[in-house]
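*Asks:* Input file: entry_6.cif. Contents: mmCIF, C-alpha atoms.
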```
data_work
loop_
_atom_site.label_atom_id
_atom_site.label_comp_id
_atom_site.auth_asym_id
_atom_site.auth_seq_id
_atom_site.Cartn_x
_atom_site.Cartn_y
_atom_site.Cartn_z
CA MET A 23 -8.92 11.07 -22.28
CA ASN A 24 -11.99 9.12 -21.37
CA ARG A 25 -13.21 10.26 -17.99
CA LYS A 26 -15.37 7.19 -17.43
CA VAL A 27 -12.39 4.89 -17.90
CA TRP A 28 -9.68 6.93 -16.19
CA GLY A 29 -11.60 8.80 -13.48
CA ILE A 30 -11.41 6.28 -10.67
CA PRO A 31 -7.91 4.94 -11.49
CA LEU A 32 -6.59 8.51 -11.48
CA ILE A 33 -8.21 9.31 -8.15
CA LEU A 34 -6.84 6.09 -6.64
CA ALA A 35 -3.36 6.93 -7.91
CA LEU A 36 -3.46 10.45 -6.45
CA ILE A 37 -4.75 9.12 -3.13
CA THR A 38 -1.95 6.54 -3.06
CA ILE A 39 0.73 9.12 -3.76
CA PHE A 40 -0.68 11.41 -1.09
CA GLY A 41 -0.60 8.52 1.40
CA LEU A 42 2.95 7.55 0.51
CA LEU A 43 4.21 11.12 0.94
CA ALA A 44 2.16 11.95 4.04
CA ALA A 45 4.05 9.51 6.27
CA LEU A 46 7.35 10.45 4.65
CA LEU A 47 7.04 14.19 5.24
CA GLY A 48 5.10 14.28 8.48
CA THR A 49 4.43 12.45 11.72
CA GLY A 50 1.51 12.15 14.10
CA VAL A 51 -1.71 12.98 12.31
CA TRP A 52 0.03 12.59 8.93
CA TYR A 53 0.71 8.95 9.76
CA ILE A 54 -2.98 8.39 10.37
CA LEU A 55 -3.88 10.22 7.14
CA SER A 56 -1.38 8.04 5.32
CA TRP A 57 -2.91 4.82 6.67
CA ILE A 58 -6.43 5.93 5.85
CA THR A 59 -5.63 7.02 2.31
CA LEU A 60 -3.47 4.00 1.48
CA ILE A 61 -6.17 1.63 2.58
CA ILE A 62 -8.67 3.13 0.08
CA PRO A 63 -7.34 1.24 -3.00
CA ILE A 64 -7.41 -1.98 -0.96
CA VAL A 65 -10.97 -1.37 0.21
CA THR A 66 -11.97 -0.58 -3.38
CA ILE A 67 -10.61 -3.93 -4.54
CA VAL A 68 -12.33 -5.86 -1.76
CA TRP A 69 -15.59 -4.04 -2.43
CA LYS A 70 -15.49 -4.69 -6.17
CA CYS A 71 -14.55 -8.34 -5.68
CA GLY A 72 -17.36 -8.75 -3.19
CA ASN A 73 -19.95 -7.51 -5.70
CA PRO A 74 -18.97 -9.03 -9.01
CA THR A 75 -21.05 -7.71 -11.83
CA VAL A 76 -22.43 -10.42 -14.03
CA LYS A 77 -22.63 -8.95 -17.47
CA SER A 78 -23.85 -10.96 -20.35
CA LYS A 79 -22.83 -8.37 -22.90
CA SER A 80 -19.09 -7.99 -23.42
CA MET B 9 -6.17 0.83 -38.27
CA THR B 10 -3.31 2.70 -36.60
CA GLN B 11 -4.98 2.49 -33.20
CA LEU B 12 -5.31 -1.26 -33.41
CA LYS B 13 -1.71 -1.49 -34.51
CA ASN B 14 -0.72 0.57 -31.50
CA ILE B 15 -2.68 -1.60 -29.10
CA LYS B 16 -1.07 -4.69 -30.59
CA LYS B 17 2.34 -3.15 -30.10
CA TRP B 18 1.64 -2.35 -26.47
CA PHE B 19 0.27 -5.84 -26.01
CA TRP B 20 3.51 -7.23 -27.31
CA VAL B 21 5.49 -5.02 -24.93
CA HIS B 22 3.28 -5.96 -21.98
CA ARG B 23 3.49 -9.67 -22.72
CA TRP B 24 7.23 -9.88 -23.17
CA THR B 25 8.40 -7.53 -20.43
CA SER B 26 6.04 -9.36 -18.06
CA LEU B 27 7.17 -12.80 -19.11
CA ILE B 28 10.82 -11.90 -18.67
CA CYS B 29 10.43 -10.53 -15.16
CA THR B 30 7.49 -12.45 -13.67
CA LEU B 31 9.43 -15.30 -12.10
CA PHE B 32 11.89 -12.89 -10.46
CA LEU B 33 9.14 -10.48 -9.43
CA LEU B 34 7.36 -13.38 -7.76
CA LEU B 35 10.54 -14.14 -5.85
CA LEU B 36 10.89 -10.44 -4.94
CA CYS B 37 7.33 -10.27 -3.67
CA LEU B 38 7.69 -13.44 -1.62
CA THR B 39 11.04 -12.52 -0.08
CA GLY B 40 9.95 -8.91 0.34
CA LEU B 41 7.06 -9.95 2.54
CA PRO B 42 9.18 -10.97 5.57
CA LEU B 43 11.61 -8.12 4.85
CA ILE B 44 8.82 -5.60 5.51
CA PHE B 45 8.73 -6.93 9.07
CA GLU B 46 12.50 -7.34 9.34
CA GLU B 47 12.75 -5.47 12.63
CA GLU B 48 9.95 -7.43 14.28
CA ILE B 49 11.25 -10.78 13.03
CA GLN B 50 14.84 -10.04 14.12
CA GLN B 51 13.60 -9.10 17.55
CA TRP B 52 11.46 -12.18 17.75
CA LEU B 53 14.26 -14.54 16.64
CA SER B 54 16.87 -12.86 18.82
CA THR B 55 18.21 -14.79 21.78
CA ASP B 56 20.02 -11.78 23.24
CA ALA B 57 19.35 -10.74 26.79
CA PRO B 58 17.35 -7.50 26.99
CA TYR B 59 19.27 -4.28 27.62
CA ALA B 60 19.82 -3.29 31.23
CA VAL B 61 17.10 -0.90 32.36
CA MET B 62 18.52 2.56 32.93
CA PRO B 63 17.08 6.07 32.99
CA LYS B 64 16.04 7.13 29.51
CA ASN B 65 18.58 9.86 28.88
CA THR B 66 21.63 8.12 30.32
CA PRO B 67 24.42 9.42 28.09
CA THR B 68 26.52 7.27 25.81
CA ALA B 69 29.84 6.30 27.34
CA ASN B 70 33.12 7.75 26.08
CA LEU B 71 33.77 6.35 22.58
CA ASP B 72 37.49 5.98 23.33
CA ASN B 73 36.49 3.42 25.92
CA PHE B 74 34.80 1.15 23.31
CA VAL B 75 37.77 1.58 21.00
CA SER B 76 40.38 0.65 23.58
CA GLN B 77 38.40 -2.42 24.64
CA ALA B 78 38.11 -3.57 21.02
CA ARG B 79 41.83 -2.95 20.37
CA HIS B 80 42.75 -4.76 23.57
CA ARG B 81 40.82 -7.85 22.50
CA TYR B 82 42.14 -7.84 18.91
CA PRO B 83 45.48 -5.97 18.96
CA LYS B 84 46.37 -7.10 15.42
CA ASP B 85 43.10 -6.01 13.79
CA VAL B 86 42.02 -2.57 12.61
CA ILE B 87 38.77 -0.77 13.38
CA THR B 88 36.74 -0.17 10.21
CA TYR B 89 33.70 1.61 11.60
CA ILE B 90 31.65 2.18 14.72
CA PHE B 91 27.89 2.06 14.68
CA VAL B 92 26.19 4.31 17.25
CA ASP B 93 22.58 3.18 17.30
CA ASP B 94 19.98 5.90 17.80
CA ASN B 95 17.22 3.36 18.29
CA GLU B 96 18.64 0.93 20.83
CA PRO B 97 21.28 1.62 23.48
CA GLN B 98 24.09 -0.13 21.65
CA VAL B 99 27.44 0.73 20.13
CA VAL B 100 28.96 -1.75 17.69
CA VAL B 101 32.67 -1.69 16.88
CA ASN B 102 33.60 -3.43 13.63
CA MET B 103 37.08 -4.77 12.87
CA LEU B 104 39.01 -6.37 10.02
CA PRO B 105 42.44 -8.08 9.94
CA SER B 106 43.56 -5.17 7.71
CA TYR B 107 41.94 -2.44 5.60
CA ALA B 108 42.74 -4.44 2.48
CA SER B 109 40.94 -7.54 3.78
CA ASP B 110 37.74 -8.86 2.30
CA VAL B 111 34.79 -7.02 3.89
CA LYS B 112 33.19 -10.39 4.59
CA LEU B 113 35.79 -10.95 7.30
CA THR B 114 34.39 -8.04 9.32
CA HIS B 115 33.73 -9.09 12.89
CA SER B 116 31.92 -6.99 15.42
CA MET B 117 31.67 -6.31 19.11
CA GLN B 118 28.38 -5.13 20.52
CA PHE B 119 28.54 -2.94 23.64
CA ASP B 120 25.95 -1.46 25.92
CA ALA B 121 26.12 2.18 24.87
CA ARG B 122 25.75 3.54 28.41
CA THR B 123 27.99 1.26 30.47
CA ALA B 124 30.45 0.32 27.67
CA LYS B 125 30.06 -3.27 28.80
CA LEU B 126 30.77 -5.83 26.07
CA LEU B 127 27.53 -7.68 25.29
CA LYS B 128 28.53 -9.84 22.35
CA ASP B 129 31.72 -10.60 20.45
CA GLU B 130 30.61 -11.93 17.10
CA PRO B 131 32.68 -13.78 14.47
CA PRO B 132 32.55 -12.65 10.82
CA LEU B 133 29.19 -13.00 9.09
CA ASN B 134 30.39 -15.76 6.77
CA SER B 135 31.43 -18.04 9.64
CA ARG B 136 28.06 -17.66 11.34
CA PRO B 137 25.09 -19.79 10.34
CA PRO B 138 23.05 -17.66 7.91
CA ASP B 139 20.01 -16.19 9.56
CA PHE B 140 16.57 -16.11 7.98
CA ILE B 141 16.47 -12.38 7.27
CA ALA B 142 19.96 -12.39 5.71
CA VAL B 143 18.92 -15.17 3.31
CA MET B 144 15.70 -13.33 2.38
CA LEU B 145 17.66 -10.13 1.83
CA SER B 146 20.21 -11.82 -0.43
CA LEU B 147 17.46 -13.45 -2.47
CA HIS B 148 15.72 -10.12 -2.72
CA ARG B 149 18.66 -7.87 -3.45
CA ASP B 150 21.30 -9.80 -5.37
CA LEU B 151 20.50 -13.55 -5.53
CA PHE B 152 23.78 -14.14 -3.58
CA MET B 153 25.79 -12.61 -6.44
CA GLU B 154 26.63 -9.15 -5.07
CA LEU B 155 27.05 -6.40 -7.67
CA PRO B 156 26.23 -8.49 -10.78
CA GLY B 157 23.19 -9.82 -8.95
CA GLU B 158 22.13 -6.31 -7.91
CA LEU B 159 22.34 -5.11 -11.50
CA PHE B 160 20.45 -8.16 -12.73
CA VAL B 161 17.61 -7.74 -10.24
CA GLY B 162 17.61 -4.02 -11.09
CA LEU B 163 17.20 -4.89 -14.77
CA MET B 164 14.27 -7.14 -13.89
CA GLY B 165 12.85 -4.15 -12.03
CA ILE B 166 13.14 -2.03 -15.19
CA PHE B 167 11.25 -4.72 -17.12
CA PHE B 168 8.62 -4.67 -14.40
CA VAL B 169 8.22 -0.89 -14.61
CA ILE B 170 7.83 -1.10 -18.41
CA SER B 171 5.34 -3.92 -18.00
CA MET B 172 3.36 -1.76 -15.55
CA ILE B 173 3.35 1.21 -17.94
CA SER B 174 2.26 -0.93 -20.87
CA GLY B 175 -0.39 -2.54 -18.68
CA ILE B 176 -1.77 0.89 -17.81
CA VAL B 177 -1.80 1.88 -21.48
CA LEU B 178 -3.75 -1.27 -22.36
CA TYR B 179 -6.23 -0.65 -19.58
CA GLY B 180 -7.72 2.24 -21.54
CA PRO B 181 -8.98 0.45 -24.67
CA PHE B 182 -9.86 -2.58 -22.62
CA MET B 183 -12.22 -0.75 -20.29
CA LYS B 184 -13.83 1.41 -22.96
CA LYS B 185 -17.14 -0.39 -22.63
CA LEU B 186 -16.90 -1.52 -19.03
CA ASP B 187 -17.51 0.21 -15.72
CA PHE B 188 -14.63 0.49 -13.29
CA GLY B 189 -14.12 -2.74 -11.39
CA THR B 190 -16.42 -4.85 -13.54
CA ILE B 191 -15.80 -8.52 -12.89
CA ARG B 192 -17.63 -10.73 -15.35
CA SER B 193 -17.94 -13.81 -13.21
CA GLY B 194 -20.82 -15.44 -15.02
CA ARG B 195 -18.98 -16.46 -18.15
CA SER B 196 -15.59 -18.08 -18.59
CA ARG B 197 -13.06 -18.45 -15.82
CA ARG B 198 -10.51 -16.72 -17.99
CA LEU B 199 -12.68 -13.64 -18.38
CA LYS B 200 -13.12 -13.39 -14.62
CA TRP B 201 -9.38 -13.57 -14.05
CA LEU B 202 -8.72 -11.06 -16.77
CA ASP B 203 -11.06 -8.59 -15.06
CA LEU B 204 -9.43 -9.30 -11.71
CA HIS B 205 -5.96 -8.81 -13.20
CA ASN B 206 -7.05 -5.44 -14.55
CA LEU B 207 -8.82 -4.28 -11.39
CA LEU B 208 -6.03 -5.33 -9.02
CA GLY B 209 -3.36 -3.94 -11.30
CA ILE B 210 -4.96 -0.56 -11.91
CA ALA B 211 -6.07 0.00 -8.31
CA THR B 212 -2.54 -0.62 -7.01
CA ALA B 213 -0.75 0.88 -10.05
CA ALA B 214 0.71 3.89 -8.24
CA TRP B 215 2.07 1.78 -5.41
CA LEU B 216 3.47 -0.83 -7.79
CA LEU B 217 5.18 1.85 -9.88
CA VAL B 218 6.64 3.63 -6.85
CA VAL B 219 7.93 0.44 -5.23
CA GLY B 220 9.21 -0.88 -8.57
CA PHE B 221 11.00 2.32 -9.48
CA THR B 222 12.51 2.89 -6.02
CA GLY B 223 13.62 -0.74 -6.03
CA VAL B 224 15.52 -0.14 -9.27
CA LEU B 225 17.14 2.97 -7.76
CA ASN B 226 18.21 0.97 -4.71
CA GLU B 227 19.91 -1.59 -6.91
CA LEU B 228 22.00 1.22 -8.38
CA SER B 229 23.35 2.37 -5.02
CA THR B 230 26.62 0.43 -5.23
CA PRO B 231 27.70 1.83 -8.62
CA LEU B 232 26.47 5.34 -7.79
CA PHE B 233 28.27 5.39 -4.45
CA GLY B 234 31.36 4.24 -6.35
CA LEU B 235 30.88 7.03 -8.88
CA TRP B 236 30.74 9.58 -6.05
CA GLN B 237 33.94 8.15 -4.59
CA ILE B 238 35.92 8.43 -7.80
CA THR B 239 34.65 11.94 -8.56
CA ASP B 240 33.72 14.26 -5.65
CA VAL B 241 35.44 12.31 -2.89
CA LYS B 242 38.58 11.91 -4.92
CA ALA B 243 38.64 15.63 -5.74
CA MET B 244 38.24 16.41 -2.05
CA LEU B 245 41.15 14.20 -1.07
CA ASP B 246 43.44 15.28 -3.90
CA LYS B 247 45.21 17.90 -1.80
CA TYR B 248 46.36 15.14 0.55
CA LYS B 249 48.12 13.35 -2.28
CA GLY B 250 51.61 12.23 -1.32
CA LYS B 251 51.11 12.95 2.36
CA PRO B 252 51.88 10.05 4.68
CA VAL B 253 48.81 8.10 5.73
CA PRO B 254 48.27 8.37 9.49
CA LYS B 255 48.95 5.20 11.44
CA THR B 256 46.74 3.89 14.22
CA GLU B 257 48.98 5.41 16.91
CA ASP B 258 48.76 8.84 15.21
CA LEU B 259 44.97 9.03 15.49
CA SER B 260 43.46 11.64 17.77
CA SER B 261 40.73 10.73 20.24
CA VAL B 262 37.60 9.54 18.46
CA GLN B 263 35.46 10.97 21.27
CA ALA B 264 36.95 14.44 20.72
CA ALA B 265 36.47 14.12 16.96
CA TYR B 266 32.87 13.02 17.59
CA GLN B 267 32.26 16.17 19.66
CA THR B 268 33.77 18.31 16.91
CA ALA B 269 31.54 16.72 14.29
CA LYS B 270 28.50 17.14 16.51
CA LYS B 271 29.27 20.83 16.91
CA ALA B 272 29.48 21.18 13.12
CA LEU B 273 25.91 19.87 12.70
CA PRO B 274 24.19 20.39 16.05
CA ASP B 275 20.74 19.36 14.82
CA ALA B 276 21.91 16.07 13.39
CA THR B 277 22.35 12.62 14.90
CA ILE B 278 25.59 10.79 14.19
CA THR B 279 24.96 7.11 13.60
CA SER B 280 28.29 5.87 12.35
CA ILE B 281 31.98 6.66 12.39
CA VAL B 282 34.07 5.39 9.50
CA TYR B 283 37.69 4.99 10.50
CA PRO B 284 40.59 6.44 8.53
CA GLY B 285 41.86 3.76 6.17
CA ASN B 286 38.47 2.16 5.54
CA LEU B 287 38.01 1.82 1.78
CA TYR B 288 34.61 3.48 2.12
CA GLY B 289 36.08 6.52 3.80
CA SER B 290 39.18 8.68 3.71
CA PRO B 291 42.71 7.61 4.69
CA PHE B 292 43.19 10.92 6.51
CA HIS B 293 39.87 11.51 8.25
CA TYR B 294 37.32 10.23 10.63
CA LEU B 295 34.13 10.21 8.57
CA PHE B 296 30.92 10.73 10.53
CA TRP B 297 27.55 9.94 8.97
CA ALA B 298 24.93 12.22 10.46
CA LYS B 299 21.21 12.26 9.74
CA GLY B 300 18.67 14.99 10.33
CA ASN B 301 15.96 15.05 12.98
CA THR B 302 12.82 15.83 10.97
CA PRO B 303 10.78 13.04 9.30
CA LEU B 304 12.26 13.82 5.90
CA THR B 305 15.83 14.74 6.86
CA SER B 306 16.09 11.66 9.10
CA GLN B 307 16.31 9.78 5.79
CA LEU B 308 19.18 11.98 4.57
CA TYR B 309 22.75 11.51 5.72
CA ASN B 310 25.52 14.07 5.66
CA PRO B 311 29.17 13.07 5.87
CA ILE B 312 31.33 15.12 8.21
CA LEU B 313 35.09 14.88 7.82
CA VAL B 314 37.37 15.41 10.81
CA ASP B 315 41.12 15.40 10.28
CA ALA B 316 42.27 12.22 12.01
CA PRO B 317 45.70 13.25 13.38
CA SER B 318 44.71 16.77 14.50
CA GLY B 319 41.04 16.22 15.36
CA LYS B 320 40.09 19.45 13.54
CA LEU B 321 36.96 19.79 11.43
CA THR B 322 37.72 19.51 7.71
CA ALA B 323 34.30 19.77 6.07
CA VAL B 324 30.62 18.95 6.14
CA VAL B 325 30.29 17.30 2.75
CA LYS B 326 27.41 18.01 0.40
CA MET B 327 25.89 14.88 -1.07
CA PRO B 328 25.24 14.76 -4.83
CA TRP B 329 21.62 14.67 -6.03
CA TYR B 330 21.84 11.09 -7.28
CA LEU B 331 22.76 9.75 -3.84
CA ARG B 332 20.07 11.94 -2.27
CA SER B 333 17.46 10.40 -4.56
CA ILE B 334 18.59 6.92 -3.53
CA GLU B 335 18.26 7.90 0.12
CA ILE B 336 14.70 9.11 -0.49
CA SER B 337 13.87 6.01 -2.47
CA ARG B 338 14.78 3.68 0.41
CA PRO B 339 11.84 4.27 2.76
CA LEU B 340 9.46 4.40 -0.22
CA HIS B 341 10.63 0.93 -1.17
CA PHE B 342 10.83 -0.61 2.32
CA GLY B 343 7.59 0.83 3.72
CA ASN B 344 9.20 1.13 7.13
CA TYR B 345 8.61 4.84 7.67
CA GLY B 346 5.06 5.08 8.96
CA GLY B 347 4.64 2.72 11.89
CA THR B 348 3.28 -0.82 11.99
CA PRO B 349 -0.01 -0.05 10.18
CA LEU B 350 1.97 1.15 7.15
CA LYS B 351 3.95 -2.10 7.18
CA ILE B 352 0.72 -4.10 7.21
CA ILE B 353 -0.62 -2.01 4.31
CA TRP B 354 2.67 -2.68 2.49
CA ALA B 355 2.21 -6.41 3.03
CA ILE B 356 -1.36 -6.31 1.67
CA PHE B 357 -0.20 -4.44 -1.46
CA ASP B 358 2.58 -7.00 -1.81
CA ILE B 359 0.08 -9.88 -1.69
CA ILE B 360 -2.13 -8.11 -4.25
CA ALA B 361 0.95 -7.81 -6.47
CA ILE B 362 1.46 -11.58 -6.19
CA VAL B 363 -2.13 -12.13 -7.36
CA VAL B 364 -1.57 -9.77 -10.31
CA LEU B 365 1.58 -11.69 -11.28
CA ILE B 366 0.05 -15.13 -11.01
CA SER B 367 -3.13 -14.12 -12.82
CA GLY B 368 -0.94 -12.62 -15.54
CA VAL B 369 0.80 -15.94 -16.05
CA TYR B 370 -2.55 -17.74 -16.04
CA LEU B 371 -3.87 -15.35 -18.69
CA TRP B 372 -0.82 -15.95 -20.82
CA ILE B 373 -1.13 -19.72 -20.58
CA THR B 374 -4.81 -19.65 -21.55
CA ARG B 375 -4.37 -16.94 -24.21
CA ARG B 376 -4.70 -18.75 -27.58
CA LYS B 377 -8.09 -18.11 -29.09
CA PHE B 378 -8.94 -15.21 -26.86
CA TYR B 379 -6.76 -12.52 -28.37
CA ALA B 380 -7.53 -13.45 -31.93
CA GLU B 381 -11.16 -12.77 -31.11
CA TYR B 382 -10.39 -9.64 -29.15
CA PHE B 383 -8.39 -8.09 -31.97
CA LEU B 384 -10.97 -9.11 -34.52
CA ARG B 385 -13.63 -7.35 -32.50
CA LEU B 386 -11.53 -4.24 -32.03
CA SER B 387 -10.83 -4.08 -35.73
CA ALA B 388 -14.54 -4.51 -36.53
CA GLU B 389 -15.36 -1.69 -34.13
CA GLU B 390 -12.75 0.52 -35.66
CA ASN B 391 -14.14 -0.11 -39.13
CA ASN B 392 -17.59 0.81 -37.89
CA GLU B 393 -16.29 3.99 -36.32
CA SER B 394 -14.46 5.04 -39.44
CA LEU B 395 -17.59 4.33 -41.45
CA ILE B 396 -19.52 6.62 -39.16
CA THR B 397 -16.96 9.41 -39.32
CA ASN B 398 -16.65 9.08 -43.07
CA ASN B 399 -20.35 9.55 -43.40
#
```
Would you mind writing the file's structure down as structure tokens?
*Replies:*
Amino acid sequence: MNRKVWGIPLILALITIFGLLAALLGTGVWYILSWITLIIPIVTIVWKCGNPTVKSKS
Amino acid sequence: MTQLKNIKKWFWVHRWTSLICTLFLLLLCLTGLPLIFEEEIQQWLSTDAPYAVMPKNTPTANLDNFVSQARHRYPKDVITYIFVDDNEPQVVVNMLPSYASDVKLTHSMQFDARTAKLLKDEPPLNSRPPDFIAVMLSLHRDLFMELPGELFVGLMGIFFVISMISGIVLYGPFMKKLDFGTIRSGRSRRLKWLDLHNLLGIATAAWLLVVGFTGVLNELSTPLFGLWQITDVKAMLDKYKGKPVPKTEDLSSVQAAYQTAKKALPDATITSIVYPGNLYGSPFHYLFWAKGNTPLTSQLYNPILVDAPSGKLTAVVKMPWYLRSIEISRPLHFGNYGGTPLKIIWAIFDIIAIVVLISGVYLWITRRKFYAEYFLRLSAEENNESLITNN
């Protein structure tokens, strides 16, 4: 498996799953952890859309 | 050449599973959006007077009191189930003309749980004007077609899950030469949207897969509950075969039965009481649905059976694994288990999903030349690689 291609998607997936389970299995601080982790994929998207890379080579 | 062939195959799978389900998925995303905030919207649209202010731990009134009021108002009807809310101070008694009647004729009386005062006497759902949330839910769950609709939407969900998996598979070869999140905005509009489709899809892939898969599981709840009824439940009730079914006047006090059930599972909260005779219960028992008190077990319900004529505990029933997995899949689909911020996050993911769907359709419409070139390039690369390895 290509680490350059799959590294970030895999991390985002693990973070998402952690966030989904945190609020399901815990309360209090786990809720907050769940919100913080689940917002990471969203922030990543916004960040990447805000800095589009113009590449001439495809 | 085999790799290219493989990619082409996955492309075919991704294209067709997506095309089949996109329109319905779009509908699911749009109707799902208000459903995330169902509670808030219901509260906001409600014209009911607020509950009387009373000390926080005022106990619930005697259940027999609610029952006798309901029977007094509708002496010809039968009680199907009682809902004991653990969130708001209300008890709702539901009735039908007879146990064989169409469930749609169920009418309900809402009481203040503490004073047993009747708050609302509502006609059956189908003679009330449809409310916004009910319409959204029908569009989301079964397209107004009940079981066939549920199975159809579930099938669309399966197509969606396959389309997600194939999309993830295709992400690999596609990104081979690109950094994560590259958006080539300088060139064609199509290329920009393709990059966006890939970024949005891969960044939300886990959420999309979880919500898609749990949605499919939810659509199977009717047949799986039915399966449980004709297997385990039937086996449990077999020893009562041939015994006379208790009549309304033979029933013991529901309050006493409630206490008995509570004693059987002291750490649980009983939220509903299914009356003997209800098709979703037992002809011989009061059936209490009790949920646990920890974050996880509050999603899991245990049925407690209390013999209706004698009021004695019959059993705390163990639920089969397939119904347990449906219970766990509910919160993971609804997003209603982690406070308002989680609901907002759910809504954002939902909107991202809409963008992925629409961009997918756009990419399909503008496909033509693009893929021919893409495959040609891939095949050229592969030839180069094999040349290198052969040397």
*Asks:* Could you tell me which residues the PyMOL selection byres ((chain B) within 10 of (chain A)) returns for this structure, as a PyMOL selection string?
*Replies:* chain B and resi 176+179-195+199-200+203-204+207-215+218+302-307+336+339-340+343-354+356-357+360
*Asks:* Just C-alpha atoms for this one: save the residues we selected as a PDB file, in the coordinates of the input.
*Replies:*
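Once written, result31.pdb looks like this:
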```pdb
ATOM      1  CA  ILE B 176      -1.770   0.890 -17.810  1.00  0.00           C
ATOM      2  CA  TYR B 179      -6.230  -0.650 -19.580  1.00  0.00           C
ATOM      3  CA  GLY B 180      -7.720   2.240 -21.540  1.00  0.00           C
ATOM      4  CA  PRO B 181      -8.980   0.450 -24.670  1.00  0.00           C
ATOM      5  CA  PHE B 182      -9.860  -2.580 -22.620  1.00  0.00           C
ATOM      6  CA  MET B 183     -12.220  -0.750 -20.290  1.00  0.00           C
ATOM      7  CA  LYS B 184     -13.830   1.410 -22.960  1.00  0.00           C
ATOM      8  CA  LYS B 185     -17.140  -0.390 -22.630  1.00  0.00           C
ATOM      9  CA  LEU B 186     -16.900  -1.520 -19.030  1.00  0.00           C
ATOM     10  CA  ASP B 187     -17.510   0.210 -15.720  1.00  0.00           C
ATOM     11  CA  PHE B 188     -14.630   0.490 -13.290  1.00  0.00           C
ATOM     12  CA  GLY B 189     -14.120  -2.740 -11.390  1.00  0.00           C
ATOM     13  CA  THR B 190     -16.420  -4.850 -13.540  1.00  0.00           C
ATOM     14  CA  ILE B 191     -15.800  -8.520 -12.890  1.00  0.00           C
ATOM     15  CA  ARG B 192     -17.630 -10.730 -15.350  1.00  0.00           C
ATOM     16  CA  SER B 193     -17.940 -13.810 -13.210  1.00  0.00           C
ATOM     17  CA  GLY B 194     -20.820 -15.440 -15.020  1.00  0.00           C
ATOM     18  CA  ARG B 195     -18.980 -16.460 -18.150  1.00  0.00           C
ATOM     19  CA  LEU B 199     -12.680 -13.640 -18.380  1.00  0.00           C
ATOM     20  CA  LYS B 200     -13.120 -13.390 -14.620  1.00  0.00           C
ATOM     21  CA  ASP B 203     -11.060  -8.590 -15.060  1.00  0.00           C
ATOM     22  CA  LEU B 204      -9.430  -9.300 -11.710  1.00  0.00           C
ATOM     23  CA  LEU B 207      -8.820  -4.280 -11.390  1.00  0.00           C
ATOM     24  CA  LEU B 208      -6.030  -5.330  -9.020  1.00  0.00           C
ATOM     25  CA  GLY B 209      -3.360  -3.940 -11.300  1.00  0.00           C
ATOM     26  CA  ILE B 210      -4.960  -0.560 -11.910  1.00  0.00           C
ATOM     27  CA  ALA B 211      -6.070   0.000  -8.310  1.00  0.00           C
ATOM     28  CA  THR B 212      -2.540  -0.620  -7.010  1.00  0.00           C
ATOM     29  CA  ALA B 213      -0.750   0.880 -10.050  1.00  0.00           C
ATOM     30  CA  ALA B 214       0.710   3.890  -8.240  1.00  0.00           C
ATOM     31  CA  TRP B 215       2.070   1.780  -5.410  1.00  0.00           C
ATOM     32  CA  VAL B 218       6.640   3.630  -6.850  1.00  0.00           C
ATOM     33  CA  THR B 302      12.820  15.830  10.970  1.00  0.00           C
ATOM     34  CA  PRO B 303      10.780  13.040   9.300  1.00  0.00           C
ATOM     35  CA  LEU B 304      12.260  13.820   5.900  1.00  0.00           C
ATOM     36  CA  THR B 305      15.830  14.740   6.860  1.00  0.00           C
ATOM     37  CA  SER B 306      16.090  11.660   9.100  1.00  0.00           C
ATOM     38  CA  GLN B 307      16.310   9.780   5.790  1.00  0.00           C
ATOM     39  CA  ILE B 336      14.700   9.110  -0.490  1.00  0.00           C
ATOM     40  CA  PRO B 339      11.840   4.270   2.760  1.00  0.00           C
ATOM     41  CA  LEU B 340       9.460   4.400  -0.220  1.00  0.00           C
ATOM     42  CA  GLY B 343       7.590   0.830   3.720  1.00  0.00           C
ATOM     43  CA  ASN B 344       9.200   1.130   7.130  1.00  0.00           C
ATOM     44  CA  TYR B 345       8.610   4.840   7.670  1.00  0.00           C
ATOM     45  CA  GLY B 346       5.060   5.080   8.960  1.00  0.00           C
ATOM     46  CA  GLY B 347       4.640   2.720  11.890  1.00  0.00           C
ATOM     47  CA  THR B 348       3.280  -0.820  11.990  1.00  0.00           C
ATOM     48  CA  PRO B 349      -0.010  -0.050  10.180  1.00  0.00           C
ATOM     49  CA  LEU B 350       1.970   1.150   7.150  1.00  0.00           C
ATOM     50  CA  LYS B 351       3.950  -2.100   7.180  1.00  0.00           C
ATOM     51  CA  ILE B 352       0.720  -4.100   7.210  1.00  0.00           C
ATOM     52  CA  ILE B 353      -0.620  -2.010   4.310  1.00  0.00           C
ATOM     53  CA  TRP B 354       2.670  -2.680   2.490  1.00  0.00           C
ATOM     54  CA  ILE B 356      -1.360  -6.310   1.670  1.00  0.00           C
ATOM     55  CA  PHE B 357      -0.200  -4.440  -1.460  1.00  0.00           C
ATOM     56  CA  ILE B 360      -2.130  -8.110  -4.250  1.00  0.00           C
TER      57      ILE B 360
END
```
*Asks:* Going by the chain IDs and residue numbers used in this file, which residues fall under the PyMOL selection byres ((chain B and resi 149) around 12)? Write them as number ranges by chain.
*Replies:* B: 32-33, 35-37, 39-40, 43, 141-148, 150-165, 223-230
*Asks:* So what do you get for atom CA of Thr277 of chain B versus atom CA of Leu308 of chain B, distance-wise?
*Replies:*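 These two atoms are separated by 10.8 Å.
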*Asks:* Rounded to one decimal in Å, what is the spacing between atom CA of Thr322 of chain B and atom CA of Leu295 of chain B?
*Replies:*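 Computed distance, atom CA of Thr322 of chain B to atom CA of Leu295 of chain B, equals 10.0 Å.
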